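Student: One structure follows; several queries about it will come next.
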Amino acid sequence: MLIIKDLHASIEGKEILKGVNLTVKPGEVHAIMGPNGSGKSTLSAVLTGNPAYTVTGGEVEFYGKNLLELSPEDRSHEGIFLSFQYPVEIPGVLMSNFMRTAINEKRKYQGLEPMSATDFLKLMREKRAIVDLDNKLASRAVNEGFSGGEKKRNEIFQMAMLEPRLSILDETDSGLDIDALRTVANGVNRLKSADNATIVITHYQRLLDYIKPDQVHVLYKGRIVMTGGPELALELEEKGYDWIKEQVD
Amino acid sequence: MNNALKQYIDLHDENRDAITAHSAPQLNALRQEARKALEGAVLPRKGSDDYEATDLNAVLAPDYGVNINHVDLSRESTTKFRCEVPNLSTCLYYVFNDTFKPSSTAGKSGDNASVESFQATKHPEVLAKHYGTAASLSNPCTALNTMLAQDGVLIYIPKGSHTTRPIQLINVFDANARLMAVRRVLIVLEDDAQAKVLVCDHTKGDQQYLSLETVEVIVGRNAQLDYYHMEESDTHTTRLSQLWVRQQEGSNVLIDGITLTNGYTRNDYHIDVDGEHCDTHLLGMAIASGEQHVDNHTLINHNAPRCQSNEMFKYVLNDNSIGAFAGKILVKSDCPKIDAYQGNRNIVASPEARMYTKPQLEIYTDDVKCSHGATVGQLDQDALFYMQTRGISLPVAQKLLMQAFMSDVIDGVRLDTLRDRLRHLVEMRLSGDALICETCELKK
């Protein structure tokens with residue numbers, strides 16, 4: 001579904017991604033690990049079309065379409081979802097209104113009629129149960145006053161609502177206690193199917209105990225320098241990144 | 001004296017008899033004093049004190065027709081028009097150009113409340129007692145209004161009376177030539193009275209209109225007033241409005257000034273809090289696009305101790321629009337325990353739009369709590385991108401953020417059905433839709 005070829009990207013003139021190659025197929029879970037500043041979050045930002053980053057080279061193909069040509073909203077309509085490392089608070093915009101607008105914009109893109117209010121409320125009820133969010137969710141402003149754990153669960157709730165084909169989880173484990181981590185991970189696992197795929201960006205092996213990756217990649221200095229199975233994550237947990245840095249540098 | 005001003009003084013001098021003859025007698029009493037105040041006065045130009053962005057001289061320079069003989073210029077029967085805000089059952093009155101008309105659905109707004117023209121009022125003593133007591137002739141527009149005013153609307157809520165339905169006054173411009181309407185309103189709430197008043201501005205036709213409006217509000221002891229003003233006029237309309245409020249002990253006043261569509265607007269809000277334990281809420285909102293101009297100038301005088309005031313004005317400026325806000329809170333000496341806040345928040349959504357803001361506090365007493373905050377900024381880029389990643393297109397995301405930005409001013413409306421209506425109107429306005437309500441015959 002996703003083919004990234006020799007992707008280069010920069011922010012404010014500084015090159016962060018220096019030739020990333022990655023192929024993701026339906027049903028797969030890929031973990032991307034790597035030391036701080038290696039470009040993990042940049043990769044997720046570039047894939048979702050964050051205007052702060054400039055793509056300076058390479059290609060990204062998503063189901064045969066040139067992803068880099070699409071606006072952020074159309075990438076979402078095509079089925080790409082990003083769970084933010086730092087979900088944005090939007091005071092004054094209620095979750096219900098926010099999600100309904102999102103769902104109906106997607107339906108418009110697909111040539112469908114807007115969803116009825118009853119169907120929408122039903123859908124919302126069903127999906128928030130996946131991540132244990134209560135019925136006050138609809139009337140709260142987007143992420144405003146949410147605890148760290150609630151914010152991450154809210155990300156997974158939105159993912160459940162939008163049913164993406166490719167989900168990118170950007171350090172979804174950061175700031176979570178064990179219980180919240182389990183809730184979030186269970187949510188992600190319940191949404192997994194043979195047709196969708198997940199890219200998990202994380203610092204720690206811990207999350208991968210819950211969300212089992214098929215492949216683990218190490219991103220360092222803007223390149224994927226090593227790829228392996230789940231055992232690679234365990235090895236990194238034990239030995240750190242220095243041995244990889246030594247090999248590369 | 002500027003020529004702009006001279007033409008109106010000349011008009012007055014040449015038509016003195018006609019003006020007096022077609023006027024409520026109580027208005028003639030102040031007319032000469034107003035004329036004297038204007039003599040030697042200079043209409044402020046843009047950039048002068050208190051007029052950072054508004055050129056009063058230029059605005060008043062064109063030769064607008066004034067309806068000296070006070071004939072009814074309205075072209076259509078008022079009974080045709082209804083303003084049917086869903087579930088907001090108001091007692092409805094009109095001012096067509098400068099002529100007061102009750103609607104067929106005016107009804108009664110409470111046992112003793114009365115809404116009448118100055119000329120036909122059954123309470124001339126109320127008019128005589130309060131007319132001109134809140135307004136100051138040092139304001140050139142108020143002086144001009146006082147010199148030329150011949151009629152007006154008296155909203156009188158006697159001691160202890162409560163309105164059961166809101167009073168709605170709709171100002172309509174509808175003429176076949178360039179016209180200045182001299183509009184005057186006096187609202188008197190005696191002690192312990194309560195009222196909710198909604199005033200709306202509309203225009204019909206494509207003439208150049210100037211509304212020269214002075215509103216005086218007298219709020220008695222422990223009285224409670226909500227005063228909402230909504231401007232939904234057109235680009236060829238100029239509005240020069242001054243609202244003068246006097247609050248007595250224990251009174252609670254909410255003033256809400258909303259500009260949804262307009263041409264060139266200058267609103268002056270002047271509130272004198274004369275008694276202790278008063279609550280004052282002054283809210284305002286402006287959404288401007290095209291070449292619209294919205295200038296709000298506010299002054300809250302805390303003349304008595306132990307009062308609270310809360311002020312918030314919000315603007316969203318698009319295209320080439322210009323917004324201005326200047327607000328002052330003045331705490332006189334020997335007025336401890338004042339708790340006052342003033343806020344002005346603005347989103348300038350286009351590189352060509354301009355916002356001028358000037359917050360001021362002037363405090364002559366210790367032991368008060370006063371603060372202010374003014375911000376001018378753009379929409380939150382992180383929030384916009386976040387929404388886009390959820391599939392919400394940029395224009396829709398921008399609209400949602402602007403709507404959210406206005407939500408606290410909308411929530412300040414103390415009439416549930418009006419609040420819902422305002423939320424709907426703001427949404428329509430931000431979507432670029434014309435503000436035509438489904439049932440409105442006025443705009444057809």
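In the structure tokens, each chain is lettered A, B, ... as it comes, each chain's residues begin at 1, and ligands are numbered from 1 in order of appearance.
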Which residues of stretch 112-180 of chain A sit at most 9 Å from stretch 200-209 of chain A, using only C-alpha atoms? Give each one's shortest atom pair and distance in Å (one decimal place), in chain and ascending residue order, as a tab-separated table.

Tutor:
residue	atom	partner	partner_atom	distance
A:Ser167	CA	A:Val200	CA	8.2
A:Ile168	CA	A:Val200	CA	6.0
A:Leu169	CA	A:Val200	CA	4.9
A:Asp170	CA	A:Ile201	CA	4.9
A:Glu171	CA	A:Thr202	CA	4.8
A:Thr172	CA	A:Thr202	CA	7.5
A:Asp173	CA	A:Leu207	CA	6.4
A:Ser174	CA	A:Thr202	CA	8.2

Student: Run DSSP on the backbone and tell me which residues of stretch 8-93 of chain A come out as strand (DSSP E); list them as a ChimeraX atom specification.

Tutor: /A:8-11,14-24,29-33,54-62,65-66,80-83,90-93

Student: Store the residues picked out above, limited to N, CA and C atoms, as a compact mmCIF listing (two decimals), in the first residue's frame.

Tutor:
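What landed in again-v3.txt:
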# COMPACT_ATOMS: atom_id res chain seq x y z
N HIS A 8 13.70 12.46 0.87
CA HIS A 8 14.49 13.52 1.52
C HIS A 8 13.54 14.64 1.95
N ALA A 9 13.74 15.17 3.14
CA ALA A 9 12.90 16.28 3.59
C ALA A 9 13.68 17.17 4.53
N SER A 10 13.29 18.45 4.53
CA SER A 10 14.00 19.40 5.40
C SER A 10 13.01 20.35 6.05
N ILE A 11 13.48 20.94 7.14
CA ILE A 11 12.69 22.00 7.79
C ILE A 11 13.62 23.18 7.99
N LYS A 14 17.14 22.84 6.90
CA LYS A 14 17.98 21.79 7.48
C LYS A 14 17.45 20.42 7.06
N GLU A 15 18.30 19.65 6.43
CA GLU A 15 17.84 18.34 5.95
C GLU A 15 17.74 17.35 7.10
N ILE A 16 16.56 16.75 7.25
CA ILE A 16 16.34 15.80 8.35
C ILE A 16 16.27 14.37 7.79
N LEU A 17 15.46 14.18 6.76
CA LEU A 17 15.39 12.86 6.14
C LEU A 17 16.35 12.83 4.96
N LYS A 18 17.20 11.80 4.94
CA LYS A 18 18.27 11.78 3.93
C LYS A 18 18.23 10.51 3.11
N GLY A 19 17.03 10.17 2.64
CA GLY A 19 16.93 8.98 1.80
C GLY A 19 16.29 7.81 2.52
N VAL A 20 15.02 7.94 2.87
CA VAL A 20 14.30 6.87 3.57
C VAL A 20 13.65 5.95 2.55
N ASN A 21 13.81 4.65 2.74
CA ASN A 21 13.13 3.65 1.92
C ASN A 21 12.32 2.75 2.83
N LEU A 22 11.04 2.55 2.48
CA LEU A 22 10.19 1.71 3.32
C LEU A 22 9.00 1.23 2.51
N THR A 23 8.67 -0.03 2.64
CA THR A 23 7.49 -0.56 1.97
C THR A 23 6.59 -1.21 3.01
N VAL A 24 5.32 -0.83 2.99
CA VAL A 24 4.35 -1.37 3.95
C VAL A 24 3.22 -2.03 3.17
N VAL A 29 2.40 -4.62 10.60
CA VAL A 29 2.72 -3.62 11.61
C VAL A 29 4.23 -3.37 11.55
N HIS A 30 4.59 -2.13 11.33
CA HIS A 30 6.02 -1.76 11.28
C HIS A 30 6.35 -0.89 12.46
N ALA A 31 7.42 -1.18 13.13
CA ALA A 31 7.88 -0.31 14.22
C ALA A 31 9.09 0.47 13.72
N ILE A 32 9.08 1.76 14.01
CA ILE A 32 10.26 2.57 13.68
C ILE A 32 10.83 3.09 14.99
N MET A 33 12.06 2.70 15.24
CA MET A 33 12.73 3.13 16.46
C MET A 33 13.96 3.94 16.08
N THR A 54 9.55 20.55 4.05
CA THR A 54 9.68 20.57 2.60
C THR A 54 10.29 19.26 2.12
N VAL A 55 9.61 18.63 1.18
CA VAL A 55 10.18 17.42 0.60
C VAL A 55 11.16 17.85 -0.49
N THR A 56 12.40 17.39 -0.36
CA THR A 56 13.42 17.84 -1.31
C THR A 56 13.81 16.75 -2.30
N GLY A 57 13.27 15.55 -2.08
CA GLY A 57 13.58 14.49 -3.05
C GLY A 57 12.87 13.20 -2.69
N GLY A 58 12.75 12.31 -3.67
CA GLY A 58 12.16 11.01 -3.43
C GLY A 58 10.68 10.95 -3.77
N GLU A 59 10.10 9.76 -3.51
CA GLU A 59 8.70 9.53 -3.87
C GLU A 59 7.99 8.81 -2.75
N VAL A 60 6.69 9.09 -2.64
CA VAL A 60 5.84 8.30 -1.74
C VAL A 60 4.58 7.91 -2.50
N GLU A 61 4.38 6.62 -2.61
CA GLU A 61 3.22 6.13 -3.34
C GLU A 61 2.29 5.44 -2.35
N PHE A 62 1.01 5.79 -2.42
CA PHE A 62 0.02 5.17 -1.53
C PHE A 62 -1.11 4.62 -2.38
N LYS A 65 -1.22 6.09 -5.75
CA LYS A 65 -1.30 7.55 -5.90
C LYS A 65 -0.04 8.21 -5.36
N ASN A 66 0.33 9.32 -5.98
CA ASN A 66 1.45 10.11 -5.48
C ASN A 66 1.00 10.89 -4.25
N ILE A 80 -5.07 7.79 5.36
CA ILE A 80 -3.89 7.92 6.22
C ILE A 80 -4.27 8.62 7.51
N PHE A 81 -3.82 8.09 8.61
CA PHE A 81 -4.15 8.69 9.90
C PHE A 81 -2.89 8.82 10.73
N LEU A 82 -2.77 9.97 11.40
CA LEU A 82 -1.64 10.17 12.31
C LEU A 82 -2.16 10.35 13.73
N SER A 83 -1.69 9.51 14.62
CA SER A 83 -1.94 9.75 16.05
C SER A 83 -0.80 10.63 16.53
N ILE A 90 -8.02 22.33 20.98
CA ILE A 90 -8.76 23.30 20.19
C ILE A 90 -9.95 23.81 21.01
N PRO A 91 -9.73 24.83 21.82
CA PRO A 91 -10.81 25.34 22.67
C PRO A 91 -11.99 25.81 21.82
N GLY A 92 -13.18 25.54 22.29
CA GLY A 92 -14.37 26.04 21.60
C GLY A 92 -14.90 25.14 20.51
N VAL A 93 -14.09 24.16 20.06
CA VAL A 93 -14.59 23.21 19.05
C VAL A 93 -14.93 21.91 19.78

Student: Within 10 Å of chain A, which residues belong to chain B? Use only C-alpha atoms and report them as JSON, numbers by chain.

Tutor: {"B": [380, 381, 382, 383, 384, 385, 386, 387, 388, 389, 390, 391, 392, 393, 394, 396, 397, 400, 401, 402, 403, 404, 405, 406, 407, 408]}

Student: Restricting the calculation to only C-alpha atoms: of A:Val248, A:Leu47, A:Ile211, A:Leu137, which residue gets closest to A:Val225?

Tutor: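 Using only C-alpha atoms, A:Val225 sits closest to A:Val248.
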
Student: I'd like the neighbourhood of stretch 121-126 of chain B as a VMD selection string, where a residue qualifies if any of its atoms comes within 12 Å (using only C-alpha atoms), though same-chain residues fewer than 4 positions away should be ignored.

Tutor: chain B and resid 24 to 27 100 112 to 117 130 to 133 151 to 158 186 to 190 218

Student: Would you write out those residues with N, CA and C atoms, as an mmCIF file, in the first residue's frame?

Tutor:
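Saved result, out-v6.cif, follows:
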data_model
loop_
_atom_site.group_PDB
_atom_site.id
_atom_site.type_symbol
_atom_site.label_atom_id
_atom_site.label_comp_id
_atom_site.auth_asym_id
_atom_site.auth_seq_id
_atom_site.Cartn_x
_atom_site.Cartn_y
_atom_site.Cartn_z
ATOM 1 N N ALA B 24 -41.168 66.195 18.982
ATOM 2 C CA ALA B 24 -41.686 66.071 20.339
ATOM 3 C C ALA B 24 -41.143 67.247 21.141
ATOM 4 N N PRO B 25 -42.012 67.951 21.901
ATOM 5 C CA PRO B 25 -41.587 69.195 22.565
ATOM 6 C C PRO B 25 -40.403 69.001 23.510
ATOM 7 N N GLN B 26 -40.318 67.840 24.148
ATOM 8 C CA GLN B 26 -39.218 67.610 25.108
ATOM 9 C C GLN B 26 -37.859 67.678 24.414
ATOM 10 N N LEU B 27 -37.842 67.402 23.094
ATOM 11 C CA LEU B 27 -36.582 67.397 22.356
ATOM 12 C C LEU B 27 -36.112 68.802 22.009
ATOM 13 N N PHE B 100 -41.167 55.597 13.843
ATOM 14 C CA PHE B 100 -41.510 54.488 14.732
ATOM 15 C C PHE B 100 -42.835 53.852 14.335
ATOM 16 N N ASN B 112 -46.868 46.542 32.724
ATOM 17 C CA ASN B 112 -46.814 48.000 32.651
ATOM 18 C C ASN B 112 -45.771 48.527 31.673
ATOM 19 N N ALA B 113 -45.054 47.613 31.022
ATOM 20 C CA ALA B 113 -43.999 48.075 30.117
ATOM 21 C C ALA B 113 -44.629 48.806 28.944
ATOM 22 N N SER B 114 -43.979 49.860 28.495
ATOM 23 C CA SER B 114 -44.517 50.539 27.320
ATOM 24 C C SER B 114 -43.394 50.862 26.346
ATOM 25 N N VAL B 115 -43.723 50.720 25.070
ATOM 26 C CA VAL B 115 -42.794 51.064 23.999
ATOM 27 C C VAL B 115 -43.557 51.997 23.067
ATOM 28 N N GLU B 116 -43.151 53.250 23.036
ATOM 29 C CA GLU B 116 -43.919 54.268 22.290
ATOM 30 C C GLU B 116 -42.968 55.239 21.615
ATOM 31 N N SER B 117 -43.507 55.981 20.670
ATOM 32 C CA SER B 117 -42.708 57.059 20.100
ATOM 33 C C SER B 117 -42.707 58.232 21.079
ATOM 34 N N HIS B 130 -35.808 62.330 31.841
ATOM 35 C CA HIS B 130 -34.572 61.597 31.554
ATOM 36 C C HIS B 130 -33.882 61.960 30.242
ATOM 37 N N TYR B 131 -34.602 62.582 29.327
ATOM 38 C CA TYR B 131 -33.999 62.867 28.019
ATOM 39 C C TYR B 131 -32.749 63.737 28.185
ATOM 40 N N GLY B 132 -31.662 63.275 27.626
ATOM 41 C CA GLY B 132 -30.433 64.067 27.677
ATOM 42 C C GLY B 132 -29.666 63.965 28.984
ATOM 43 N N THR B 133 -30.116 63.135 29.907
ATOM 44 C CA THR B 133 -29.419 63.076 31.200
ATOM 45 C C THR B 133 -28.260 62.081 31.213
ATOM 46 N N ASP B 151 -37.916 62.821 16.855
ATOM 47 C CA ASP B 151 -38.723 61.789 17.477
ATOM 48 C C ASP B 151 -37.782 60.707 17.976
ATOM 49 N N GLY B 152 -38.337 59.704 18.580
ATOM 50 C CA GLY B 152 -37.514 58.626 19.091
ATOM 51 C C GLY B 152 -38.406 57.570 19.679
ATOM 52 N N VAL B 153 -37.758 56.587 20.308
ATOM 53 C CA VAL B 153 -38.504 55.488 20.907
ATOM 54 C C VAL B 153 -38.249 55.506 22.410
ATOM 55 N N LEU B 154 -39.334 55.519 23.151
ATOM 56 C CA LEU B 154 -39.234 55.464 24.605
ATOM 57 C C LEU B 154 -39.636 54.075 25.076
ATOM 58 N N ILE B 155 -38.680 53.386 25.689
ATOM 59 C CA ILE B 155 -38.988 52.093 26.303
ATOM 60 C C ILE B 155 -38.990 52.331 27.798
ATOM 61 N N TYR B 156 -40.158 52.173 28.385
ATOM 62 C CA TYR B 156 -40.319 52.556 29.786
ATOM 63 C C TYR B 156 -40.828 51.367 30.595
ATOM 64 N N ILE B 157 -40.006 50.955 31.565
ATOM 65 C CA ILE B 157 -40.391 49.846 32.438
ATOM 66 C C ILE B 157 -40.524 50.431 33.851
ATOM 67 N N PRO B 158 -41.760 50.617 34.319
ATOM 68 C CA PRO B 158 -41.942 51.264 35.620
ATOM 69 C C PRO B 158 -41.438 50.414 36.774
ATOM 70 N N LEU B 186 -34.659 56.132 24.134
ATOM 71 C CA LEU B 186 -34.488 56.323 25.570
ATOM 72 C C LEU B 186 -35.091 55.111 26.279
ATOM 73 N N ILE B 187 -34.257 54.427 27.035
ATOM 74 C CA ILE B 187 -34.730 53.264 27.783
ATOM 75 C C ILE B 187 -34.665 53.603 29.263
ATOM 76 N N VAL B 188 -35.795 53.528 29.929
ATOM 77 C CA VAL B 188 -35.835 53.846 31.351
ATOM 78 C C VAL B 188 -36.355 52.638 32.120
ATOM 79 N N LEU B 189 -35.494 52.098 32.966
ATOM 80 C CA LEU B 189 -35.929 51.048 33.894
ATOM 81 C C LEU B 189 -35.929 51.652 35.283
ATOM 82 N N GLU B 190 -37.076 51.731 35.871
ATOM 83 C CA GLU B 190 -37.126 52.255 37.231
ATOM 84 C C GLU B 190 -36.649 51.182 38.205
ATOM 85 N N ILE B 218 -31.269 54.416 31.212
ATOM 86 C CA ILE B 218 -31.267 54.753 32.639
ATOM 87 C C ILE B 218 -31.705 53.496 33.394
#

Student: Identify all residues of stretch 330-435 of chain B in helix (DSSP H, G or I) (DSSP on the backbone) and supply them as a PyMOL selection string.

Tutor: chain B and resi 381-389+394-405+407-411+416-430

Student: Would you mind exporting the chosen residues as a compact mmCIF listing (two decimals), in the first residue's frame, restricted to N, CA and C atoms?

Tutor:
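After the write, part.txt holds the following:
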# COMPACT_ATOMS: atom_id res chain seq x y z
N GLN B 381 -2.02 27.63 13.63
CA GLN B 381 -1.60 26.75 12.51
C GLN B 381 -1.58 25.28 12.92
N ASP B 382 -1.20 25.00 14.16
CA ASP B 382 -1.16 23.61 14.62
C ASP B 382 -2.56 23.01 14.65
N ALA B 383 -3.51 23.82 15.12
CA ALA B 383 -4.90 23.34 15.17
C ALA B 383 -5.43 23.10 13.76
N LEU B 384 -5.09 23.99 12.85
CA LEU B 384 -5.55 23.83 11.46
C LEU B 384 -5.01 22.54 10.86
N PHE B 385 -3.71 22.28 11.08
CA PHE B 385 -3.11 21.08 10.50
C PHE B 385 -3.71 19.83 11.15
N TYR B 386 -3.91 19.91 12.46
CA TYR B 386 -4.51 18.78 13.17
C TYR B 386 -5.87 18.42 12.55
N MET B 387 -6.67 19.44 12.31
CA MET B 387 -8.00 19.19 11.72
C MET B 387 -7.88 18.65 10.30
N GLN B 388 -6.91 19.17 9.56
CA GLN B 388 -6.72 18.67 8.19
C GLN B 388 -6.36 17.19 8.17
N THR B 389 -5.54 16.79 9.14
CA THR B 389 -5.16 15.36 9.16
C THR B 389 -6.36 14.48 9.47
N LEU B 394 -9.18 22.82 4.65
CA LEU B 394 -8.66 24.05 5.26
C LEU B 394 -9.75 25.11 5.48
N PRO B 395 -10.57 25.43 4.46
CA PRO B 395 -11.59 26.47 4.70
C PRO B 395 -12.58 26.09 5.81
N VAL B 396 -12.94 24.82 5.87
CA VAL B 396 -13.88 24.39 6.91
C VAL B 396 -13.20 24.45 8.28
N ALA B 397 -11.94 24.05 8.32
CA ALA B 397 -11.18 24.12 9.57
C ALA B 397 -11.07 25.57 10.05
N GLN B 398 -10.80 26.46 9.12
CA GLN B 398 -10.70 27.89 9.48
C GLN B 398 -12.03 28.39 10.05
N LYS B 399 -13.11 27.98 9.41
CA LYS B 399 -14.44 28.40 9.87
C LYS B 399 -14.71 27.88 11.27
N LEU B 400 -14.37 26.63 11.51
CA LEU B 400 -14.59 26.05 12.84
C LEU B 400 -13.80 26.80 13.90
N LEU B 401 -12.57 27.17 13.57
CA LEU B 401 -11.75 27.88 14.55
C LEU B 401 -12.29 29.29 14.82
N MET B 402 -12.76 29.94 13.75
CA MET B 402 -13.31 31.29 13.94
C MET B 402 -14.59 31.23 14.77
N GLN B 403 -15.41 30.24 14.47
CA GLN B 403 -16.65 30.05 15.24
C GLN B 403 -16.31 29.80 16.71
N ALA B 404 -15.30 28.96 16.92
CA ALA B 404 -14.89 28.63 18.30
C ALA B 404 -14.37 29.88 19.00
N PHE B 405 -13.65 30.68 18.25
CA PHE B 405 -13.09 31.92 18.79
C PHE B 405 -14.20 32.83 19.33
N SER B 407 -17.03 31.83 20.49
CA SER B 407 -18.01 31.12 21.32
C SER B 407 -18.22 31.77 22.69
N ASP B 408 -17.20 32.35 23.29
CA ASP B 408 -17.46 32.91 24.63
C ASP B 408 -18.32 34.16 24.58
N VAL B 409 -18.21 34.93 23.48
CA VAL B 409 -19.11 36.08 23.34
C VAL B 409 -20.53 35.60 23.07
N ILE B 410 -20.66 34.57 22.24
CA ILE B 410 -21.99 34.01 21.96
C ILE B 410 -22.59 33.47 23.26
N ASP B 411 -21.76 32.77 24.04
CA ASP B 411 -22.27 32.19 25.29
C ASP B 411 -22.65 33.25 26.32
N ASP B 416 -31.65 32.20 25.87
CA ASP B 416 -31.27 30.94 25.23
C ASP B 416 -31.54 30.92 23.73
N THR B 417 -32.75 31.32 23.35
CA THR B 417 -33.12 31.21 21.95
C THR B 417 -32.33 32.19 21.08
N LEU B 418 -32.02 33.34 21.66
CA LEU B 418 -31.22 34.31 20.91
C LEU B 418 -29.78 33.81 20.75
N ARG B 419 -29.30 33.16 21.79
CA ARG B 419 -27.95 32.61 21.74
C ARG B 419 -27.83 31.57 20.63
N ASP B 420 -28.83 30.69 20.54
CA ASP B 420 -28.83 29.69 19.47
C ASP B 420 -28.88 30.35 18.11
N ARG B 421 -29.71 31.39 18.01
CA ARG B 421 -29.85 32.08 16.74
C ARG B 421 -28.53 32.75 16.34
N LEU B 422 -27.90 33.36 17.33
CA LEU B 422 -26.64 34.06 17.06
C LEU B 422 -25.58 33.06 16.60
N ARG B 423 -25.54 31.91 17.26
CA ARG B 423 -24.57 30.88 16.87
C ARG B 423 -24.79 30.50 15.40
N HIS B 424 -26.06 30.34 15.05
CA HIS B 424 -26.42 29.99 13.67
C HIS B 424 -26.02 31.10 12.70
N LEU B 425 -26.30 32.34 13.09
CA LEU B 425 -25.97 33.48 12.20
C LEU B 425 -24.46 33.61 12.02
N VAL B 426 -23.72 33.41 13.10
CA VAL B 426 -22.25 33.50 13.01
C VAL B 426 -21.73 32.41 12.08
N GLU B 427 -22.31 31.23 12.19
CA GLU B 427 -21.89 30.13 11.34
C GLU B 427 -22.17 30.44 9.87
N MET B 428 -23.36 30.99 9.62
CA MET B 428 -23.71 31.37 8.24
C MET B 428 -22.76 32.44 7.72
N ARG B 429 -22.48 33.41 8.61
CA ARG B 429 -21.63 34.53 8.22
C ARG B 429 -20.22 34.05 7.89
N LEU B 430 -19.70 33.13 8.70
CA LEU B 430 -18.35 32.64 8.48
C LEU B 430 -18.27 31.69 7.29

Student: Tell me, as a PyMOL selection string, which residues lie within 9 Å of stretch 305-312 of chain B, counting only C-alpha atoms; anything in the same chain fewer than 5 positions away does not count.

Tutor: chain B and resi 250+273-285+300+331-332+334-345+368+409

Student: Tell me, in Å to one decimal, how far atom CA of B:Thr375 is from atom CA of B:Asp268.

Tutor: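 Separation between atom CA of B:Thr375 and atom CA of B:Asp268: 20.8 Å.
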
Student: Just want the 9 Å neighbourhood of A:Leu121, counted on only C-alpha atoms, with same-chain residues fewer than 5 positions away dropped. Output as a ChimeraX atom specification.

Tutor: /A:96,116,126,138

Student: Neighbours of B:Gln360 within 9 Å (only C-alpha atoms; same-chain residues fewer than 3 positions away dropped), as number ranges by chain?

Tutor: B: 326-330, 342, 372

Student: Go ahead and save the picked residues with N, CA and C atoms, as a short mmCIF file (atom, residue, chain, number, x, y, z; two decimals), in the first residue's frame.

Tutor:
data_model
loop_
_atom_site.label_atom_id
_atom_site.label_comp_id
_atom_site.auth_asym_id
_atom_site.auth_seq_id
_atom_site.Cartn_x
_atom_site.Cartn_y
_atom_site.Cartn_z
N ALA B 326 -11.03 50.73 21.05
CA ALA B 326 -10.36 51.50 22.09
C ALA B 326 -11.25 51.41 23.31
N GLY B 327 -10.69 50.97 24.39
CA GLY B 327 -11.52 50.80 25.58
C GLY B 327 -10.83 51.38 26.79
N LYS B 328 -11.60 52.06 27.60
CA LYS B 328 -11.03 52.61 28.82
C LYS B 328 -11.91 52.23 30.00
N ILE B 329 -11.23 51.83 31.09
CA ILE B 329 -11.94 51.67 32.35
C ILE B 329 -11.38 52.73 33.28
N LEU B 330 -12.26 53.54 33.80
CA LEU B 330 -11.82 54.63 34.66
C LEU B 330 -12.40 54.44 36.05
N GLN B 342 -11.03 44.01 31.21
CA GLN B 342 -11.30 44.40 29.83
C GLN B 342 -10.46 43.53 28.90
N HIS B 372 -6.37 44.24 31.99
CA HIS B 372 -6.83 44.21 30.61
C HIS B 372 -5.90 43.36 29.78
#
